[in-house]
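Student: What follows is target.cif, mmCIF, C-alpha atoms.
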```
data_run
#
loop_
_atom_site.label_atom_id
_atom_site.label_comp_id
_atom_site.auth_asym_id
_atom_site.auth_seq_id
_atom_site.Cartn_x
_atom_site.Cartn_y
_atom_site.Cartn_z
CA MET A 53 0.00 0.00 0.00
CA LEU A 54 2.87 2.35 0.83
CA GLU A 55 4.60 1.64 -2.51
CA LYS A 56 1.46 2.61 -4.40
CA LYS A 57 1.29 5.96 -2.56
CA GLU A 58 4.95 6.72 -3.26
CA ALA A 59 4.45 5.99 -6.95
CA GLN A 60 1.96 8.85 -7.10
CA TYR A 61 4.57 11.39 -6.00
CA GLU A 62 6.60 13.30 -8.56
CA LYS A 63 10.36 12.96 -8.21
CA VAL A 64 11.92 16.39 -7.89
CA VAL A 65 15.21 18.12 -7.14
CA LEU A 66 15.56 21.52 -5.49
CA VAL A 67 17.86 24.36 -6.51
CA GLY A 68 18.86 27.37 -4.41
CA LEU A 69 21.54 30.03 -4.19
CA ILE A 70 23.92 31.08 -1.41
CA THR A 71 24.60 34.81 -1.66
CA GLN A 72 25.88 37.63 0.51
CA GLU A 73 22.30 38.61 1.32
CA GLN A 74 21.30 34.97 1.85
CA PRO A 75 24.11 33.07 3.64
CA GLU A 76 24.40 29.29 3.74
CA GLU A 77 22.45 28.84 6.99
CA LYS A 78 19.55 30.93 5.68
CA THR A 79 19.59 29.08 2.35
CA LYS A 80 19.31 25.78 4.22
CA GLU A 81 16.22 27.07 6.06
CA TYR A 82 14.65 28.16 2.78
CA MET A 83 15.47 24.82 1.16
CA ASP A 84 13.95 22.95 4.12
CA GLU A 85 10.80 25.00 3.65
CA LEU A 86 10.88 24.45 -0.12
CA GLU A 87 11.07 20.70 0.45
CA PHE A 88 8.02 20.89 2.74
CA LEU A 89 6.22 22.93 0.07
CA ALA A 90 7.11 20.29 -2.51
CA TYR A 91 5.87 17.52 -0.21
CA THR A 92 2.63 19.42 0.36
CA ALA A 93 2.17 19.71 -3.42
CA GLY A 94 2.77 15.97 -3.90
CA ALA A 95 6.49 15.59 -4.56
CA ASP A 96 9.32 13.43 -3.29
CA THR A 97 12.60 15.37 -3.11
CA LEU A 98 15.58 13.25 -4.17
CA ALA A 99 18.34 15.87 -4.01
CA ARG A 100 19.21 19.50 -3.34
CA PHE A 101 21.63 21.63 -5.30
CA THR A 102 23.05 24.93 -4.06
CA GLN A 103 25.69 27.27 -5.45
CA LYS A 104 27.58 30.21 -3.96
CA VAL A 105 27.28 33.24 -6.24
CA THR A 106 27.41 37.01 -5.92
CA GLN A 107 24.10 37.26 -7.78
CA PRO A 108 21.81 34.97 -9.81
CA ASP A 109 22.95 34.22 -13.34
CA SER A 110 20.79 36.24 -15.73
CA LYS A 111 20.56 33.35 -18.20
CA TYR A 112 20.35 30.17 -16.11
CA PHE A 113 19.88 31.43 -12.50
CA VAL A 114 22.81 29.13 -11.58
CA GLY A 115 26.05 28.83 -13.52
CA SER A 116 26.10 26.73 -16.69
CA GLY A 117 28.45 24.22 -15.04
CA LYS A 118 26.11 23.74 -12.07
CA LEU A 119 23.14 23.40 -14.42
CA ALA A 120 25.00 20.72 -16.38
CA GLU A 121 25.61 18.87 -13.08
CA ILE A 122 21.89 19.12 -12.25
CA LYS A 123 20.99 17.86 -15.74
CA ASP A 124 23.21 14.79 -15.36
CA PHE A 125 21.59 13.90 -12.04
CA VAL A 126 18.09 14.50 -13.43
CA VAL A 127 18.69 12.23 -16.42
CA GLU A 128 20.39 9.51 -14.40
CA ASN A 129 17.64 9.39 -11.75
CA GLU A 130 14.65 10.00 -14.04
CA ILE A 131 13.62 13.16 -12.21
CA ASP A 132 10.25 14.64 -13.23
CA THR A 133 10.64 18.26 -12.11
CA ILE A 134 13.27 20.80 -11.07
CA ILE A 135 12.10 23.35 -8.48
CA PHE A 136 13.95 26.63 -7.95
CA ASP A 137 13.74 28.44 -4.61
CA ASP A 138 13.34 31.91 -6.11
CA GLU A 139 11.03 33.32 -8.75
CA LEU A 140 12.59 32.89 -12.19
CA THR A 141 12.29 35.44 -14.97
CA PRO A 142 10.49 34.35 -18.16
CA SER A 143 13.80 34.20 -20.03
CA GLN A 144 15.45 32.12 -17.28
CA LEU A 145 12.56 29.67 -17.36
CA LYS A 146 12.84 29.34 -21.13
CA ASN A 147 16.64 28.93 -21.12
CA ILE A 148 16.73 26.41 -18.27
CA GLU A 149 13.97 24.33 -19.77
CA LYS A 150 15.69 24.27 -23.16
CA PHE A 151 18.98 23.24 -21.52
CA VAL A 152 17.60 20.50 -19.26
CA ASP A 153 14.51 19.45 -21.25
CA LYS A 154 12.49 18.84 -18.08
CA LYS A 155 9.63 20.57 -16.30
CA ILE A 156 10.89 23.66 -14.47
CA ILE A 157 8.90 25.49 -11.81
CA ASP A 158 9.90 28.14 -9.28
CA ARG A 159 8.87 28.82 -5.69
CA THR A 160 6.05 31.16 -6.75
CA ASN A 161 4.55 28.62 -9.14
CA LEU A 162 4.83 25.91 -6.49
CA ILE A 163 2.95 27.99 -3.91
CA LEU A 164 0.30 28.88 -6.48
CA ASP A 165 -0.10 25.18 -7.25
CA ILE A 166 -0.63 24.35 -3.58
CA PHE A 167 -3.23 27.11 -3.35
CA ALA A 168 -4.95 25.64 -6.42
CA GLN A 169 -5.13 22.26 -4.66
CA ARG A 170 -6.38 23.72 -1.39
CA ALA A 171 -8.98 26.19 -2.67
CA GLN A 172 -12.41 24.80 -1.75
CA THR A 173 -14.93 27.61 -2.10
CA SER A 174 -15.77 29.51 -5.27
CA TYR A 175 -14.28 32.66 -3.76
CA ALA A 176 -10.94 31.02 -2.92
CA ARG A 177 -10.76 29.41 -6.35
CA THR A 178 -11.38 32.80 -7.97
CA GLN A 179 -8.61 34.37 -5.90
CA VAL A 180 -6.14 31.62 -6.83
CA GLU A 181 -7.14 31.68 -10.49
CA LEU A 182 -6.48 35.41 -10.69
CA ALA A 183 -3.05 34.99 -9.09
CA GLN A 184 -2.22 32.16 -11.51
CA TYR A 185 -3.20 34.14 -14.59
CA GLU A 186 -1.15 37.13 -13.47
CA TYR A 187 1.84 34.81 -13.00
CA ILE A 188 1.28 33.07 -16.34
CA LEU A 189 0.77 36.14 -18.53
CA PRO A 190 4.43 37.18 -18.93
CA ARG A 191 5.41 33.50 -19.24
CA LEU A 192 2.67 32.52 -21.67
CA THR A 193 4.82 31.49 -24.63
CA ARG A 194 7.14 29.36 -22.50
CA MET A 195 4.34 27.66 -20.65
CA TRP A 196 2.45 26.68 -23.78
CA THR A 197 5.48 25.23 -25.59
CA HIS A 198 6.18 23.30 -22.39
CA LEU A 199 2.63 22.06 -22.02
CA GLU A 200 2.65 20.72 -25.58
CA ARG A 201 5.16 18.14 -24.32
CA GLN A 202 3.85 17.41 -20.88
CA ARG A 203 0.57 18.25 -19.21
CA GLY A 204 -0.54 18.04 -15.60
CA GLY A 205 1.42 17.54 -12.41
CA ILE A 206 2.81 19.99 -9.89
CA GLY A 207 2.74 23.57 -11.09
CA MET A 208 0.44 22.78 -13.98
CA ARG A 209 -2.99 22.90 -12.33
CA GLY A 210 -5.56 25.49 -13.29
CA PRO A 211 -5.17 28.12 -16.00
CA GLY A 212 -2.79 27.59 -18.88
CA GLU A 213 -3.95 24.07 -19.75
CA THR A 214 -6.06 24.85 -22.81
CA GLU A 215 -4.87 26.16 -26.15
CA ILE A 216 -7.31 29.10 -26.32
CA GLU A 217 -5.78 30.57 -23.14
CA THR A 218 -2.45 31.03 -24.91
CA ASP A 219 -3.89 34.13 -26.52
CA ARG A 220 -2.65 37.10 -24.46
CA ARG A 221 -5.73 39.14 -25.16
CA ILE A 222 -8.00 36.39 -23.81
CA ILE A 223 -5.82 36.04 -20.72
CA ARG A 224 -5.96 39.77 -20.07
CA ASP A 225 -9.75 39.74 -20.55
CA ARG A 226 -9.99 36.87 -18.07
CA ILE A 227 -7.85 38.75 -15.53
CA SER A 228 -10.08 41.81 -15.89
CA LEU A 229 -13.19 39.66 -15.44
CA LEU A 230 -11.79 37.96 -12.33
CA LYS A 231 -10.76 41.27 -10.79
CA GLY A 232 -14.27 42.59 -11.34
CA LYS A 233 -15.74 39.46 -9.77
CA LEU A 234 -13.48 39.75 -6.74
CA GLU A 235 -14.25 43.44 -6.30
CA LYS A 236 -17.96 42.60 -6.22
CA ILE A 237 -17.40 39.80 -3.69
CA ASP A 238 -15.09 42.03 -1.61
CA LYS A 239 -17.88 44.61 -1.35
CA GLN A 240 -20.32 41.90 -0.28
CA MET A 241 -17.88 40.65 2.36
CA ALA A 242 -17.27 44.19 3.59
CA THR A 243 -21.03 44.53 4.03
CA GLN A 244 -21.09 41.22 5.91
CA ARG A 245 -18.37 42.48 8.25
CA GLN A 246 -20.40 45.64 8.92
CA ASN A 247 -23.49 43.53 9.63
CA ARG A 248 -21.71 41.57 12.36
CA GLY A 249 -22.59 44.32 14.79
CA GLN A 250 -20.32 45.78 17.41
CA LEU A 251 -18.81 42.51 18.66
CA VAL A 252 -15.08 42.66 19.25
CA ARG A 253 -13.17 40.97 16.40
CA VAL A 254 -10.15 38.76 17.06
CA ALA A 255 -7.99 37.51 14.17
CA LEU A 256 -5.67 34.51 14.24
CA VAL A 257 -2.54 35.22 12.22
CA GLY A 258 0.76 33.42 11.87
CA TYR A 259 3.16 31.61 9.62
CA THR A 260 1.71 28.67 7.73
CA ASN A 261 1.42 25.39 9.64
CA VAL A 262 1.76 26.87 13.14
CA GLY A 263 -1.55 25.42 14.38
CA LYS A 264 -4.01 28.29 13.86
CA SER A 265 -6.84 26.06 12.63
CA THR A 266 -6.33 23.60 15.50
CA LEU A 267 -6.51 26.47 17.98
CA MET A 268 -9.57 27.84 16.16
CA ASN A 269 -11.33 24.48 16.56
CA ILE A 270 -10.63 24.35 20.29
CA LEU A 271 -11.58 27.93 21.12
CA SER A 272 -14.72 28.01 18.99
CA LYS A 273 -15.71 24.33 19.35
CA SER A 274 -15.96 24.18 15.55
CA ASP A 275 -14.56 21.82 12.93
CA VAL A 276 -12.17 23.80 10.73
CA PHE A 277 -9.96 21.59 8.54
CA ALA A 278 -6.47 21.22 10.05
CA GLU A 279 -3.55 19.20 8.70
CA ASP A 280 0.22 19.03 9.17
CA LYS A 281 0.90 20.50 5.74
CA LEU A 282 1.45 24.02 4.49
CA PHE A 283 -1.65 26.09 3.67
CA ALA A 284 -4.10 23.47 4.96
CA THR A 285 -6.87 26.09 4.85
CA LEU A 286 -7.32 29.05 2.51
CA ASP A 287 -10.83 30.22 3.23
CA THR A 288 -11.41 32.71 6.01
CA THR A 289 -13.50 31.21 8.81
CA VAL A 290 -15.37 33.36 11.33
CA ARG A 291 -16.91 31.90 14.51
CA LYS A 292 -18.63 33.44 17.53
CA VAL A 293 -16.79 32.58 20.74
CA VAL A 294 -17.88 33.17 24.33
CA ILE A 295 -15.37 33.16 27.20
CA GLY A 296 -16.99 33.60 30.58
CA ASN A 297 -19.79 36.09 29.88
CA LEU A 298 -17.97 37.86 27.05
CA PRO A 299 -18.78 37.11 23.36
CA PHE A 300 -16.51 38.03 20.44
CA LEU A 301 -15.82 36.98 16.83
CA LEU A 302 -12.78 34.82 16.08
CA THR A 303 -11.37 34.71 12.53
CA ASP A 304 -8.96 32.12 11.14
CA THR A 305 -6.89 33.47 8.23
CA VAL A 306 -4.60 32.00 5.58
CA GLY A 307 -1.05 31.36 6.77
CA PHE A 308 1.80 33.64 5.79
CA ILE A 309 5.10 32.48 4.33
CA ARG A 310 8.47 33.94 3.40
CA LYS A 311 8.73 35.03 -0.24
CA LEU A 312 4.93 35.05 -0.49
CA PRO A 313 4.03 35.72 -4.16
CA THR A 314 2.85 39.30 -4.68
CA GLN A 315 0.04 37.95 -6.85
CA LEU A 316 -1.41 36.14 -3.84
CA VAL A 317 -1.09 39.14 -1.52
CA GLU A 318 -3.24 41.16 -3.91
CA SER A 319 -5.78 38.44 -4.76
CA PHE A 320 -6.29 37.54 -1.08
CA LYS A 321 -7.08 41.13 -0.22
CA SER A 322 -10.34 40.27 1.54
CA THR A 323 -8.60 37.79 3.83
CA LEU A 324 -6.15 40.52 4.82
CA ASP A 325 -9.10 42.87 5.30
CA GLU A 326 -10.26 40.58 8.10
CA VAL A 327 -6.94 41.29 9.81
CA ARG A 328 -7.09 45.03 9.04
CA GLU A 329 -10.49 45.32 10.68
CA ALA A 330 -9.70 43.13 13.68
CA ASP A 331 -9.61 44.72 17.13
CA LEU A 332 -7.19 42.15 18.56
CA ILE A 333 -4.62 39.88 16.90
CA LEU A 334 -3.57 36.46 18.16
CA HIS A 335 -0.15 35.94 16.59
CA VAL A 336 0.40 32.17 16.68
CA VAL A 337 4.01 30.93 16.53
CA ASP A 338 5.40 27.39 16.23
CA ILE A 339 7.93 27.68 19.06
CA SER A 340 9.39 24.26 18.20
CA HIS A 341 10.49 25.43 14.74
CA PRO A 342 14.18 26.39 14.64
CA ALA A 343 13.39 29.46 12.48
CA TYR A 344 10.48 30.69 14.59
CA GLU A 345 12.00 34.16 15.05
CA ASP A 346 12.27 34.56 11.28
CA HIS A 347 8.64 33.47 11.02
CA ILE A 348 7.65 36.17 13.51
CA ARG A 349 9.52 38.77 11.46
CA SER A 350 7.90 37.60 8.22
CA VAL A 351 4.41 37.86 9.71
CA ASN A 352 5.17 41.26 11.22
CA GLU A 353 6.41 42.52 7.85
CA THR A 354 3.10 41.54 6.26
CA LEU A 355 1.16 43.09 9.14
CA LYS A 356 3.17 46.28 8.65
CA GLU A 357 2.31 46.31 4.92
CA ILE A 358 -1.40 46.25 5.74
CA ASN A 359 -1.10 48.79 8.59
CA SER A 360 -1.96 46.26 11.30
CA LEU A 361 1.31 45.91 13.19
CA ASP A 362 0.28 48.37 15.92
CA LYS A 363 -2.95 46.57 16.81
CA PRO A 364 -3.30 45.02 20.30
CA THR A 365 -1.62 41.62 20.02
CA VAL A 366 -1.26 38.44 22.06
CA MET A 367 1.73 36.26 21.19
CA VAL A 368 0.71 32.59 21.33
CA PHE A 369 3.73 30.27 21.25
CA ASN A 370 2.27 26.93 20.19
CA LYS A 371 3.54 23.34 19.96
CA ILE A 372 5.48 23.24 23.23
CA ASP A 373 4.71 19.50 23.21
CA ASN A 374 7.20 19.18 20.33
CA LEU A 375 10.04 20.53 22.44
CA ARG A 376 12.63 18.08 23.68
CA HIS A 377 11.94 16.42 27.04
CA TYR A 378 8.65 18.26 27.55
CA ALA A 379 6.68 15.04 27.92
CA GLU A 380 9.07 13.64 30.52
CA GLU A 381 9.30 16.60 32.88
CA GLU A 382 7.74 20.01 32.23
CA SER A 383 10.06 21.80 34.65
CA ALA A 384 13.06 20.57 32.65
CA THR A 385 11.69 21.46 29.24
CA GLU A 386 14.39 22.27 26.68
CA LEU A 387 13.42 24.50 23.78
CA ASP A 388 16.30 23.78 21.45
CA SER A 389 20.04 23.23 21.37
CA ALA A 390 20.43 26.32 23.57
CA GLY A 391 18.64 24.46 26.36
CA PHE A 392 16.20 27.16 27.49
CA THR A 393 13.18 26.12 29.51
CA VAL A 394 9.68 27.36 28.71
CA ASP A 395 9.75 29.58 31.81
CA GLU A 396 13.10 31.08 30.78
CA MET A 397 11.90 31.66 27.24
CA HIS A 398 8.71 33.26 28.53
CA LYS A 399 10.70 35.69 30.71
CA MET A 400 12.98 36.58 27.80
CA TRP A 401 10.06 37.23 25.50
CA VAL A 402 8.17 39.32 28.08
CA ALA A 403 11.32 41.37 28.60
CA LYS A 404 11.65 42.31 24.94
CA SER A 405 7.98 42.67 23.96
CA ALA A 406 5.19 44.98 25.02
CA ASN A 407 2.63 42.35 24.01
CA PRO A 408 1.37 39.66 26.40
CA GLY A 409 2.55 36.17 25.53
CA ILE A 410 1.80 32.59 26.50
CA PHE A 411 3.27 29.16 25.70
CA ILE A 412 0.71 26.46 24.85
CA SER A 413 0.03 23.24 23.00
CA ALA A 414 -3.26 23.45 21.13
CA GLU A 415 -3.12 19.79 20.15
CA LYS A 416 -2.36 18.54 23.68
CA LYS A 417 -4.56 21.22 25.31
CA ILE A 418 -1.74 22.53 27.51
CA HIS A 419 -2.17 25.99 29.13
CA LEU A 420 -5.38 26.69 27.19
CA ASN A 421 -7.21 27.96 30.28
CA GLU A 422 -4.43 30.49 30.80
CA LEU A 423 -4.79 31.56 27.16
CA ARG A 424 -8.55 32.01 27.61
CA LYS A 425 -7.97 34.24 30.62
CA ILE A 426 -5.54 36.43 28.67
CA MET A 427 -7.99 36.64 25.78
CA TYR A 428 -10.80 37.51 28.17
CA GLU A 429 -8.83 40.38 29.68
CA GLU A 430 -7.71 41.74 26.30
CA VAL A 431 -11.19 41.54 24.75
CA LYS A 432 -12.65 43.07 27.92
CA LYS A 433 -10.35 46.11 27.59
CA ILE A 434 -11.57 46.72 24.05
CA HIS A 435 -15.20 46.12 25.00
CA GLU A 436 -15.00 48.54 27.93
CA THR A 437 -13.64 51.24 25.63
CA ARG A 438 -16.36 50.62 23.08
CA PHE A 439 -19.21 50.31 25.60
CA PRO A 440 -18.19 52.35 28.69
CA TYR A 441 -21.70 52.20 30.17
CA ASN A 442 -21.90 48.40 30.22
CA ASN A 443 -18.95 47.74 32.51
CA TYR A 444 -21.19 46.40 35.25
CA LEU A 445 -21.86 43.34 33.05
CA PHE A 446 -18.31 42.06 33.47
CA GLN A 447 -17.06 39.60 36.00
CA TYR A 448 -13.60 38.13 36.20
CA TYR A 449 -13.40 35.01 34.06
CA GLU A 450 -12.59 31.80 35.85
CA GLU A 451 -12.74 28.39 34.24
#
```
Go through the file and emit its structure as structure tokens.

Tutor:
Amino acid sequence: MLEKKEAQYEKVVLVGLITQEQPEEKTKEYMDELEFLAYTAGADTLARFTQKVTQPDSKYFVGSGKLAEIKDFVVENEIDTIIFDDELTPSQLKNIEKFVDKKIIDRTNLILDIFAQRAQTSYARTQVELAQYEYILPRLTRMWTHLERQRGGIGMRGPGETEIETDRRIIRDRISLLKGKLEKIDKQMATQRQNRGQLVRVALVGYTNVGKSTLMNILSKSDVFAEDKLFATLDTTVRKVVIGNLPFLLTDTVGFIRKLPTQLVESFKSTLDEVREADLILHVVDISHPAYEDHIRSVNETLKEINSLDKPTVMVFNKIDNLRHYAEEESATELDSAGFTVDEMHKMWVAKSANPGIFISAEKKIHLNELRKIMYEEVKKIHETRFPYNNYLFQYYEE
């Protein structure tokens, strides 16, 4: 049974660059993430190739010698696809494909493909389709000549699979139509947000695969799809939650990621609007991930872009059950190779952040009551400001 499942996976190799701006350690982190992206899309990574350069080669992204080395490995091991960790220019895609004679996709195309797989509702599919068309348009000629030889597979879902869509004018017309459709839906969703009344709005944000949907399910007693893969959910989910005697709206949003395609940032505008209009942000972090601080920075950069970085925020450090030795003895919990305990890490974070923070495990239901109390107090502050004459309704929340 296992052999049958593995046969369904495409065999891929990954290619990345080590530069002055992106040193070897950072490149390894990006390549680890790229491999997880490839796995999420349905690929089995057989090898990684990296090269130290001052800047990407304008013709082949990597040097011609390195590309020849990659080609030899690809031919010898019958590799299906080569995935590059950065977005390739149309000319680079064309040149590399001609040199190697295999399917070539870049990080942007890979993420778009995962979104195409994950989109469930009509709205999400429309958002992804728009992002795909905007990516395809400047690469139209290359993609069609490629698709004449091989159709389907990772990076080939959605638009670009029919001959009529090779016409640039038709593609542009389709983009215009999709934008109009999204604008209409965005207006409808804005109206829906206005019709939710004066309830305080709390938005879950965080890097992809940090456990937002799992936490959403626990706090709201709902059944939002959650999976240990990147971008498990794309559609915004809003649930009414009551802690103690205090109701509020909790929103689960799409996960962020480093090098997020600009096409997706624009097409998922309404999802980001949920964050823009939130009164309180729960920034969920996978504390067991070695690059969690980079993840925090990436999310904060996106929040800054949408003018939401200054909103009241609670830092929720999730997955403490994945930390070494936690299960054996909580008091001796080690976070990573540095050997910090949860208590020590909490003190360090409190010392350098103005935002309240808490360390939890959503999956194992560890410290969730403490999280509820923090949420209660933060929502209560906002509610008291909004409704100063209703303060007598409040009582301290105790589980």

Student: Choose the residue, out of A:Ala343, A:Leu271, A:Val254, A:Leu234, that has the smallest atom-to-atom separation from A:Glu430; count only C-alpha atoms.

Tutor: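 Comparing A:Ala343, A:Leu271, A:Val254, A:Leu234 against A:Glu430, the winner is A:Val254.
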
Student: Quick one: residues within 12 Å of A:Phe113, only C-alpha atoms counted, chain neighbours fewer than 2 positions away excluded, as an NGL selection string?

Tutor: :A and (67-70 or 102-111 or 115-119 or 135-149 or 158)

Student: Just give me the gap between atom CA of A:Arg291 and atom CA of A:Gly258 in Å, one decimal is fine.

Tutor: 17.9 Å

Student: Can you measure atom CA of A:Leu256 to atom CA of A:Met427 for me? One decimal in Å is fine.

Tutor: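 Here the two named atoms are 12.0 Å from each other.
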
Student: Write out as a ChimeraX atom specification each polymer residue whose atoms come within 12 Å of A:Asp84, counting only C-alpha atoms; drop sequence neighbours fewer than 4 positions from it.

Tutor: /A:66-68,77-80,88-91,97,99-100,137,341-343

Student: Please produce an output containing C-alpha atoms for each residue in the selection, written as a PDB file, keeping the file's coordinate frame.

Tutor:
```
ATOM      1  CA  LEU A  66      15.560  21.520  -5.490  1.00  0.00           C
ATOM      2  CA  VAL A  67      17.860  24.360  -6.510  1.00  0.00           C
ATOM      3  CA  GLY A  68      18.860  27.370  -4.410  1.00  0.00           C
ATOM      4  CA  GLU A  77      22.450  28.840   6.990  1.00  0.00           C
ATOM      5  CA  LYS A  78      19.550  30.930   5.680  1.00  0.00           C
ATOM      6  CA  THR A  79      19.590  29.080   2.350  1.00  0.00           C
ATOM      7  CA  LYS A  80      19.310  25.780   4.220  1.00  0.00           C
ATOM      8  CA  PHE A  88       8.020  20.890   2.740  1.00  0.00           C
ATOM      9  CA  LEU A  89       6.220  22.930   0.070  1.00  0.00           C
ATOM     10  CA  ALA A  90       7.110  20.290  -2.510  1.00  0.00           C
ATOM     11  CA  TYR A  91       5.870  17.520  -0.210  1.00  0.00           C
ATOM     12  CA  THR A  97      12.600  15.370  -3.110  1.00  0.00           C
ATOM     13  CA  ALA A  99      18.340  15.870  -4.010  1.00  0.00           C
ATOM     14  CA  ARG A 100      19.210  19.500  -3.340  1.00  0.00           C
ATOM     15  CA  ASP A 137      13.740  28.440  -4.610  1.00  0.00           C
ATOM     16  CA  HIS A 341      10.490  25.430  14.740  1.00  0.00           C
ATOM     17  CA  PRO A 342      14.180  26.390  14.640  1.00  0.00           C
ATOM     18  CA  ALA A 343      13.390  29.460  12.480  1.00  0.00           C
TER      19      ALA A 343
END
```

Student: So which residues get picked by the PyMOL selection byres ((chain A and resi 370) around 8) here, written as a ChimeraX atom specification?

Tutor: /A:262-263,336-340,368-369,371-372,411-414
